[in-house]
>>> print(open('input.txt').read())   # compact mmCIF, C-alpha atoms
# COMPACT_ATOMS: atom_id res chain seq x y z
CA GLY N 36 77.68 -26.40 54.94
CA TYR N 37 75.57 -27.24 51.89
CA ASN N 38 73.00 -24.51 52.43
CA THR N 39 72.28 -21.51 54.65
CA ALA N 40 70.43 -23.71 57.17
CA ASP N 41 73.61 -25.67 57.96
CA GLY N 42 74.98 -22.98 60.23
CA SER N 43 74.01 -19.95 62.26
CA GLY N 44 74.91 -16.39 61.39
CA ILE N 45 78.07 -16.70 63.47
CA GLU N 46 79.38 -19.59 61.35
CA TRP N 47 78.65 -17.78 58.08
CA LEU N 48 80.28 -14.61 59.41
CA ALA N 49 83.37 -16.66 60.25
CA ARG N 50 83.37 -18.08 56.72
CA GLU N 51 83.12 -14.59 55.25
CA ARG N 52 86.08 -13.39 57.32
CA LEU N 53 88.14 -16.37 56.21
CA GLU N 54 87.35 -15.68 52.57
CA ARG N 55 88.29 -12.02 52.94
CA GLY N 56 91.52 -12.83 54.78
CA CYS N 57 94.95 -13.88 53.49
CA ALA N 58 94.87 -17.38 55.00
CA ALA N 59 95.03 -20.37 52.65
CA LYS N 60 91.57 -21.89 52.31
CA CYS N 61 90.95 -25.58 51.66
CA PRO N 62 88.71 -25.19 49.81
CA ASN N 63 87.96 -21.56 49.20
CA LEU N 64 84.38 -20.59 48.48
CA GLY N 65 84.77 -20.81 44.70
CA TYR N 66 86.06 -24.37 44.76
CA HIS N 67 83.45 -25.28 47.36
CA LEU N 68 80.68 -24.09 45.06
CA ALA N 69 82.26 -25.83 42.08
CA GLY N 70 81.51 -29.15 43.75
CA THR N 71 77.78 -28.49 44.03
CA LYS N 72 75.29 -30.11 41.68
CA LYS N 73 73.92 -26.74 40.55
CA VAL N 74 77.29 -25.45 39.37
CA GLN N 75 77.98 -28.76 37.63
CA GLN N 76 74.63 -28.42 35.86
CA GLU N 77 75.45 -24.89 34.73
CA LEU N 78 78.87 -26.00 33.42
CA ALA N 79 77.11 -28.68 31.38
CA ARG N 80 75.06 -26.08 29.48
CA ARG N 81 75.91 -25.48 25.84
CA GLY N 82 78.66 -22.89 25.55
CA ALA N 83 79.99 -23.20 29.12
CA VAL N 84 82.85 -25.58 28.35
CA GLU N 85 83.42 -24.06 24.93
CA GLN N 86 84.43 -20.71 26.43
CA PHE N 87 87.60 -22.34 27.79
CA PHE N 88 88.62 -23.78 24.40
CA GLN N 89 88.31 -21.00 21.86
CA GLY N 90 91.43 -21.41 19.72
CA ASP N 91 91.38 -23.14 16.35
CA GLU N 92 93.65 -25.91 17.64
CA GLU N 93 91.24 -26.59 20.52
CA ALA N 94 88.03 -26.57 18.51
CA GLY N 95 87.39 -30.27 19.03
CA VAL N 96 88.46 -30.46 22.69
CA ALA N 97 85.18 -29.15 24.11
CA ALA N 98 83.23 -31.59 21.95
CA GLN N 99 85.33 -34.48 23.25
CA ILE N 100 84.80 -33.37 26.85
CA ARG N 101 81.07 -33.04 26.30
CA THR N 102 80.83 -36.71 25.22
CA ALA N 103 81.59 -37.63 28.86
CA PHE N 104 78.75 -35.51 30.27
CA ALA N 105 75.46 -36.93 31.47
CA GLY N 106 72.35 -34.81 30.92
CA LEU N 107 71.95 -32.26 33.73
CA TYR N 108 68.75 -30.21 33.90
CA SER N 109 67.78 -27.19 35.98
CA LEU N 110 64.53 -27.13 37.96
CA GLY N 111 64.86 -23.51 39.01
CA ALA N 112 63.73 -20.20 37.58
CA ASP N 113 66.44 -20.50 34.92
CA ALA N 114 65.01 -23.76 33.50
CA ASN N 115 65.03 -23.62 29.70
CA GLU N 116 63.20 -25.61 27.03
CA GLU N 117 65.67 -28.50 27.19
CA ASP N 118 65.27 -28.70 30.98
CA MET N 119 61.47 -28.73 30.72
CA GLU N 120 61.53 -31.45 28.06
CA ALA N 121 63.35 -33.69 30.55
CA VAL N 122 60.72 -32.91 33.20
CA LYS N 123 57.91 -33.72 30.77
CA ASP N 124 59.68 -36.93 29.83
CA VAL N 125 59.28 -38.07 33.44
CA LEU N 126 55.75 -36.74 33.93
CA PHE N 127 54.15 -37.86 30.67
CA ASN N 128 56.35 -40.60 29.16
CA ASP N 129 56.96 -42.81 32.22
CA ALA N 130 60.70 -42.20 31.82
CA GLN N 131 61.44 -41.88 35.54
CA GLY N 132 63.79 -44.85 35.34
CA GLN N 133 66.07 -42.85 33.04
CA TYR N 134 66.63 -40.00 35.51
CA VAL N 135 67.60 -39.26 39.10
CA LEU N 136 66.60 -36.20 41.16
CA LYS N 137 69.52 -34.85 43.20
CA PRO N 138 69.72 -32.14 45.89
CA GLN N 139 72.85 -30.13 46.72
CA ARG N 140 74.17 -32.87 48.98
CA GLU N 141 76.82 -35.58 48.91
CA GLY N 142 77.25 -38.96 50.57
CA GLY N 143 74.13 -40.80 49.38
CA GLY N 144 70.67 -41.18 50.86
CA TYR N 145 69.12 -37.97 49.53
CA ASN N 146 68.26 -38.77 45.91
CA TYR N 147 64.93 -39.67 44.29
CA TYR N 148 64.59 -42.58 41.87
CA GLY N 149 61.81 -44.28 39.92
CA GLU N 150 58.30 -43.78 41.29
CA ASN N 151 59.61 -41.62 44.14
CA LEU N 152 61.12 -39.29 41.54
CA ALA N 153 57.92 -39.15 39.50
CA ASN N 154 55.83 -38.47 42.61
CA LYS N 155 58.20 -35.74 43.80
CA LEU N 156 57.85 -33.92 40.49
CA LYS N 157 54.07 -34.38 40.35
CA GLU N 158 53.70 -32.99 43.86
CA ASN N 159 55.72 -29.90 42.93
CA CYS N 160 54.48 -29.15 39.42
CA THR N 161 51.34 -27.47 38.12
CA ILE N 162 50.17 -29.12 34.90
CA THR N 163 47.94 -27.12 32.55
CA VAL N 164 45.58 -29.14 30.34
CA ASP N 165 44.22 -27.71 27.10
CA ASP N 166 40.64 -27.99 25.78
CA ASP N 167 41.44 -31.30 24.07
CA GLY N 168 42.62 -32.87 27.30
CA ASN N 169 46.29 -32.79 26.35
CA ASN N 170 49.00 -31.90 28.85
CA ASN N 171 50.01 -28.53 27.50
CA ASP N 172 52.28 -26.81 29.99
CA VAL N 173 54.18 -27.48 33.22
CA THR N 174 55.02 -24.92 35.90
CA LEU N 175 57.71 -25.85 38.42
CA SER N 176 57.32 -25.08 42.12
CA PRO N 177 60.10 -22.96 43.65
CA ASP N 178 60.68 -25.85 46.05
CA LEU N 179 62.28 -27.78 43.20
CA SER N 180 64.99 -25.17 42.67
CA GLU N 181 67.25 -26.87 45.22
CA PHE N 182 67.34 -30.00 43.01
CA ILE N 183 68.70 -30.86 39.60
CA LEU N 184 67.38 -33.57 37.32
CA MET N 185 70.15 -35.80 35.99
CA GLU N 186 70.29 -38.45 33.31
CA ARG N 187 70.83 -41.76 35.10
CA LEU N 188 73.99 -43.70 34.33
CA PHE N 189 74.02 -47.47 33.87
CA PRO N 190 77.61 -48.73 34.25
CA PRO N 191 78.58 -52.30 33.31
CA GLN N 192 77.96 -54.98 35.94
CA GLN N 193 80.38 -57.54 37.31
CA ARG N 194 80.16 -60.23 39.96
CA ALA N 195 81.89 -59.24 43.19
CA ILE N 196 82.27 -60.07 46.87
CA LEU N 197 81.84 -56.93 48.97
CA LEU N 198 83.67 -56.51 52.27
CA ARG N 199 82.98 -54.03 55.05
CA ASN N 200 85.13 -53.78 58.18
CA GLY N 201 86.80 -57.05 57.23
CA GLN N 202 83.50 -58.93 57.03
CA VAL N 203 81.82 -60.32 53.91
CA GLU N 204 78.74 -58.21 53.24
CA GLY N 205 77.52 -60.34 50.37
CA THR N 206 78.17 -61.49 46.84
CA GLY N 207 76.37 -60.73 43.61
CA MET N 208 76.29 -58.51 40.58
CA SER N 209 77.76 -55.09 41.30
CA ILE N 210 78.50 -51.75 39.70
CA SER N 211 81.37 -49.36 40.42
CA GLU N 212 82.04 -45.64 40.27
CA LEU N 213 85.56 -44.30 39.79
CA GLY N 214 86.30 -40.82 41.05
CA CYS N 215 89.59 -39.05 40.38
CA PHE N 216 91.01 -36.44 42.74
CA GLY N 217 92.93 -33.32 41.80
CA ALA N 218 95.04 -30.94 43.87
CA ILE N 219 95.02 -27.27 42.94
CA VAL N 220 96.67 -24.28 44.57
CA SER N 221 96.12 -20.76 43.31
CA SER N 222 96.96 -17.25 44.43
CA GLY N 223 94.43 -14.69 45.54
CA ASP N 224 94.30 -13.18 42.05
CA GLY N 225 93.61 -16.54 40.42
CA GLU N 226 97.11 -17.54 39.27
CA VAL N 227 97.37 -21.34 39.37
CA VAL N 228 100.67 -22.50 40.89
CA HIS N 229 99.84 -26.20 41.21
CA ASN N 230 97.24 -28.33 39.42
CA GLU N 231 97.90 -32.08 39.42
CA TYR N 232 96.15 -35.45 39.59
CA ALA N 233 96.07 -36.68 43.20
CA GLY N 234 94.70 -40.21 43.25
CA PHE N 235 91.37 -41.98 42.92
CA LEU N 236 88.50 -43.53 44.86
CA LEU N 237 86.61 -46.56 43.57
CA ARG N 238 83.24 -47.32 45.16
CA THR N 239 81.35 -50.54 44.50
CA LYS N 240 77.76 -51.47 45.40
CA PHE N 241 75.28 -54.17 44.44
CA SER N 242 73.59 -53.41 41.15
CA GLY N 243 70.10 -53.40 42.69
CA VAL N 244 70.96 -50.56 45.09
CA ASP N 245 69.93 -47.10 43.94
CA GLU N 246 71.81 -44.94 46.41
CA GLY N 247 75.58 -44.64 46.75
CA GLY N 248 78.02 -43.48 49.38
CA VAL N 249 80.47 -45.41 51.52
CA ALA N 250 79.93 -43.54 54.80
CA SER N 251 76.16 -43.94 54.48
CA GLY N 252 76.52 -47.71 54.10
CA PHE N 253 75.32 -48.12 50.51
CA ALA N 254 78.69 -48.83 48.89
CA THR N 255 82.10 -50.20 49.82
CA LEU N 256 85.61 -49.15 48.95
CA SER N 257 87.09 -51.16 46.11
CA SER N 258 90.21 -51.53 43.97
CA PRO N 259 90.42 -51.52 40.18
CA TYR N 260 91.43 -54.69 38.34
CA LEU N 261 92.71 -53.89 34.87
CA CYS N 262 93.01 -56.68 32.36
>>> encode(input="input.txt", output="structure tokens")
Amino acid sequence: GYNTADGSGIEWLARERLERGCAAKCPNLGYHLAGTKKVQQELARRGAVEQFFQGDEEAGVAAQIRTAFAGLYSLGADANEEDMEAVKDVLFNDAQGQYVLKPQREGGGYNYYGENLANKLKENCTITVDDDGNNNDVTLSPDLSEFILMERLFPPQQRAILLRNGQVEGTGMSISELGCFGAIVSSGDGEVVHNEYAGFLLRTKFSGVDEGGVASGFATLSSPYLC
């Protein structure tokens, strides 16, 4: 499950017993959590990646990795000044088109974009105005802690014909997202015995569609064409 409401106490007790046992887990709890938006946001904080590349020969590796990161901002109790600046950017600078609000879910259909994003933040923020009428401070509602605010990506567009179940769904300008899979096996004490690339998934959708996800009907499976 994605949160504690996705199962009863019996299911969570079963998960705890599995984690405590010697059976191979796919995934174990650590790798399950690593796929959540919140953990991804924490790994994007300054210093998180750098702790894995501390030698002199690796000094520039973390910086290179960081160039591939989008901005990821906490909306919980741990929100820092950088996180709040992104929130204020949406609330006061009409920058909602530059961000997307994401919960701890996958598959598409749960995100907030544009005006819906701005309204969601306004409904869950307390804005303090100073004596001069300027927006001075923003307090986040605890209800926002299940979300992260993410810099929106704008990939290049290309004309495509999209197929679903062997039928033409339409033609027009589209955008794609390439995801790469990895396979990792480790022992109970953390020793990695296998860590290899394991294929890819390319999803394509029409450029005017905000949401993604193949199973939810927003995108289709695609194949890369390299030229």
>>> closest_residue(input="input.txt", among="N:Gly207, N:Leu237, N:Gln86, N:Ser257", to="N:Gln193", atoms="all atoms listed in the file")
N:Gly207
>>> closest_residue(input="input.txt", among="N:Asp224, N:Glu186, N:Glu246, N:Asn200", to="N:Tyr147", atoms="only C-alpha atoms")
N:Glu246
>>> residues_near_point(input="input.txt", point="(78.2, -49.0, 31.8)", cutoff="10 Å", atoms="all atoms listed in the file", output="list in words")
Leu188, Phe189, Pro190, Pro191, Gln192, Ile210, Ser211 and Glu212 of chain N
>>> closest_atom_pairs(input="input.txt", of="stretch 175-258 of chain N", to="stretch 76-79 of chain N", cutoff="10 Å", atoms="only C-alpha atoms", output="JSON lines")
{"residue": "N:Ile183", "atom": "CA", "partner": "N:Gln76", "partner_atom": "CA", "distance": 7.4}
{"residue": "N:Leu184", "atom": "CA", "partner": "N:Gln76", "partner_atom": "CA", "distance": 9.0}
{"residue": "N:Met185", "atom": "CA", "partner": "N:Gln76", "partner_atom": "CA", "distance": 8.6}
>>> write_last_selection(input="input.txt", atoms="C-alpha atoms", output="short mmCIF file (atom, residue, chain, number, x, y, z; two decimals), keeping the file's coordinate frame")
data_model
loop_
_atom_site.label_atom_id
_atom_site.label_comp_id
_atom_site.auth_asym_id
_atom_site.auth_seq_id
_atom_site.Cartn_x
_atom_site.Cartn_y
_atom_site.Cartn_z
CA ILE N 183 68.70 -30.86 39.60
CA LEU N 184 67.38 -33.57 37.32
CA MET N 185 70.15 -35.80 35.99
#
>>> residues_around(input="input.txt", residues="N:Gln133", least_positions_apart="4", cutoff="12 Å", atoms="only C-alpha atoms", output="list in words")
Ala105, Gly106, Ala121, Val122, Asp124, Val125, Asn128, Asp129, Tyr147, Tyr148, Gly149, Glu150, Leu152, Ala153, Leu184, Met185, Glu186, Arg187, Leu188 and Phe189 of chain N
>>> atom_distance(input="input.txt", atom1="atom CA of N:Lys123", atom2="atom CA of N:Ala98")
26.9 Å
>>> atom_distance(input="input.txt", atom1="atom CA of N:Ile162", atom2="atom CA of N:Asp245")
28.2 Å
>>> residues_near_point(input="input.txt", point="(86.7, -32.3, 42.2)", cutoff="9 Å", atoms="only C-alpha atoms", output="number ranges by chain")
N: 66, 69-70, 214-218
>>> atom_distance(input="input.txt", atom1="atom CA of N:Arg81", atom2="atom CA of N:Phe235")
28.3 Å
>>> closest_residue(input="input.txt", among="N:Leu156, N:Leu110, N:Val74, N:Leu236", to="N:Ser258", atoms="all atoms listed in the file")
N:Leu236
>>> residues_around(input="input.txt", residues="N:Asp113", least_positions_apart="2", cutoff="12 Å", atoms="only C-alpha atoms", output="PDB file with C-alpha atoms, in the frame of the given file")
ATOM      1  CA  LYS N  73      73.920 -26.740  40.550  1.00  0.00           C
ATOM      2  CA  GLN N  76      74.630 -28.420  35.860  1.00  0.00           C
ATOM      3  CA  GLU N  77      75.450 -24.890  34.730  1.00  0.00           C
ATOM      4  CA  ARG N  80      75.060 -26.080  29.480  1.00  0.00           C
ATOM      5  CA  TYR N 108      68.750 -30.210  33.900  1.00  0.00           C
ATOM      6  CA  SER N 109      67.780 -27.190  35.980  1.00  0.00           C
ATOM      7  CA  LEU N 110      64.530 -27.130  37.960  1.00  0.00           C
ATOM      8  CA  GLY N 111      64.860 -23.510  39.010  1.00  0.00           C
ATOM      9  CA  ASN N 115      65.030 -23.620  29.700  1.00  0.00           C
ATOM     10  CA  GLU N 116      63.200 -25.610  27.030  1.00  0.00           C
ATOM     11  CA  GLU N 117      65.670 -28.500  27.190  1.00  0.00           C
ATOM     12  CA  ASP N 118      65.270 -28.700  30.980  1.00  0.00           C
ATOM     13  CA  MET N 119      61.470 -28.730  30.720  1.00  0.00           C
ATOM     14  CA  LEU N 175      57.710 -25.850  38.420  1.00  0.00           C
ATOM     15  CA  PRO N 177      60.100 -22.960  43.650  1.00  0.00           C
ATOM     16  CA  LEU N 179      62.280 -27.780  43.200  1.00  0.00           C
ATOM     17  CA  SER N 180      64.990 -25.170  42.670  1.00  0.00           C
ATOM     18  CA  ILE N 183      68.700 -30.860  39.600  1.00  0.00           C
TER      19      ILE N 183
END
>>> closest_residue(input="input.txt", among="N:Lys137, N:Ala112, N:Thr102, N:Glu204", to="N:Gln75", atoms="all atoms listed in the file")
N:Lys137
